[in-house]
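First the structure, in the form of structure tokens, and then the observations on it.
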Amino acid sequence: MLLDEAPLNTPGRVPRVKIIRRALHLSQEEFASRYLIPLGTLRDWEQGRTEPDQAARAYLRVIANEPETVSRALGTRDAA
């Protein structure tokens, strides 16, 4: 299964957002800052308290496929 085909939040598995973040070697704080996601929201997703909505899932898919492009577009390339 490709990374972008993995479920975003499957019970008993690590939520996909955590997989993406770890693959990019970023802390929660760095990932949230770089991709302009509120830290509390990111933590909620990773801990399974809430799930990303459809727009957030699409955004995470773009981050998974083009992390540098997203960071550059947001002007947060060096944010951490």
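Labels used: A, B, ... for chains in the order of the structure tokens, numbers from 1 for residues in each chain, and numbers from 1 for ligands as shown.
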
Mind dumping a table of every range 52-73 of chain A residue within 10 Å of range 32-42 of chain A, with the nearest atom pair and its distance in Å to one decimal, using only C-alpha atoms, sorted by chain and rising number, as a Markdown table?
```
| residue | atom | partner | partner_atom | distance |
| --- | --- | --- | --- | --- |
| A:Pro52 | CA | A:Thr41 | CA | 8.7 |
| A:Ala56 | CA | A:Ile37 | CA | 9.5 |
| A:Tyr59 | CA | A:Tyr35 | CA | 9.4 |
| A:Leu60 | CA | A:Tyr35 | CA | 9.4 |
| A:Ile63 | CA | A:Tyr35 | CA | 8.2 |
| A:Pro67 | CA | A:Tyr35 | CA | 8.8 |
| A:Glu68 | CA | A:Arg34 | CA | 9.9 |
| A:Val70 | CA | A:Tyr35 | CA | 7.5 |
| A:Ser71 | CA | A:Arg34 | CA | 6.2 |
| A:Arg72 | CA | A:Arg34 | CA | 9.4 |
| A:Ala73 | CA | A:Tyr35 | CA | 9.9 |
```

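Going from CA of Glu30 in chain A over to CA of Gln54 in chain A, you cover 23.0 Å.
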
Rank A:Ala58, A:Thr50, A:Leu74, A:Phe31 by their smallest atom-to-atom distance to Ile19 in chain A, using only C-alpha atoms, and report the top residue only. A:Phe31

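Considering only C-alpha atoms, the residue among A:Arg77, A:Asn65, A:Gln47, A:Asp53 positioned nearest to Lys18 in chain A is A:Gln47.
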
Kindly give the distance, in Å, that separates CA of Asp44 in chain A and CA of Ile20 in chain A, rounded to a single decimal. 15.1 Å

Surrounding residues of Glu46 in chain A excluding itself and chain neighbours under 2 positions, 8 Å, only C-alpha atoms, as a VMD selection string: chain A and resid 14 to 18 42 to 44 48 to 49

Keeping N, CA and C atoms for every residue in the selection just given, could you write it to a file as a short mmCIF file (atom, residue, chain, number, x, y, z; two decimals), in the first residue's frame?
```cif
data_model
loop_
_atom_site.label_atom_id
_atom_site.label_comp_id
_atom_site.auth_asym_id
_atom_site.auth_seq_id
_atom_site.Cartn_x
_atom_site.Cartn_y
_atom_site.Cartn_z
N VAL A 14 -1.51 3.54 13.74
CA VAL A 14 -1.03 4.92 13.89
C VAL A 14 -1.74 5.78 12.86
N PRO A 15 -2.37 6.88 13.27
CA PRO A 15 -3.04 7.75 12.30
C PRO A 15 -2.07 8.21 11.23
N ARG A 16 -2.56 8.32 10.02
CA ARG A 16 -1.73 8.65 8.86
C ARG A 16 -0.97 9.95 9.03
N VAL A 17 -1.58 10.94 9.67
CA VAL A 17 -0.89 12.21 9.86
C VAL A 17 0.41 12.01 10.64
N LYS A 18 0.41 11.10 11.59
CA LYS A 18 1.63 10.84 12.36
C LYS A 18 2.67 10.16 11.46
N LEU A 42 -3.51 19.09 15.42
CA LEU A 42 -2.59 18.01 15.02
C LEU A 42 -2.53 16.94 16.10
N ARG A 43 -2.42 17.36 17.34
CA ARG A 43 -2.36 16.39 18.44
C ARG A 43 -3.67 15.58 18.54
N ASP A 44 -4.79 16.26 18.37
CA ASP A 44 -6.07 15.55 18.39
C ASP A 44 -6.14 14.50 17.29
N GLY A 48 -6.17 10.39 17.92
CA GLY A 48 -7.45 9.77 17.58
C GLY A 48 -8.66 10.40 18.25
N ARG A 49 -8.50 11.58 18.84
CA ARG A 49 -9.64 12.24 19.48
C ARG A 49 -10.59 12.81 18.44
#
```
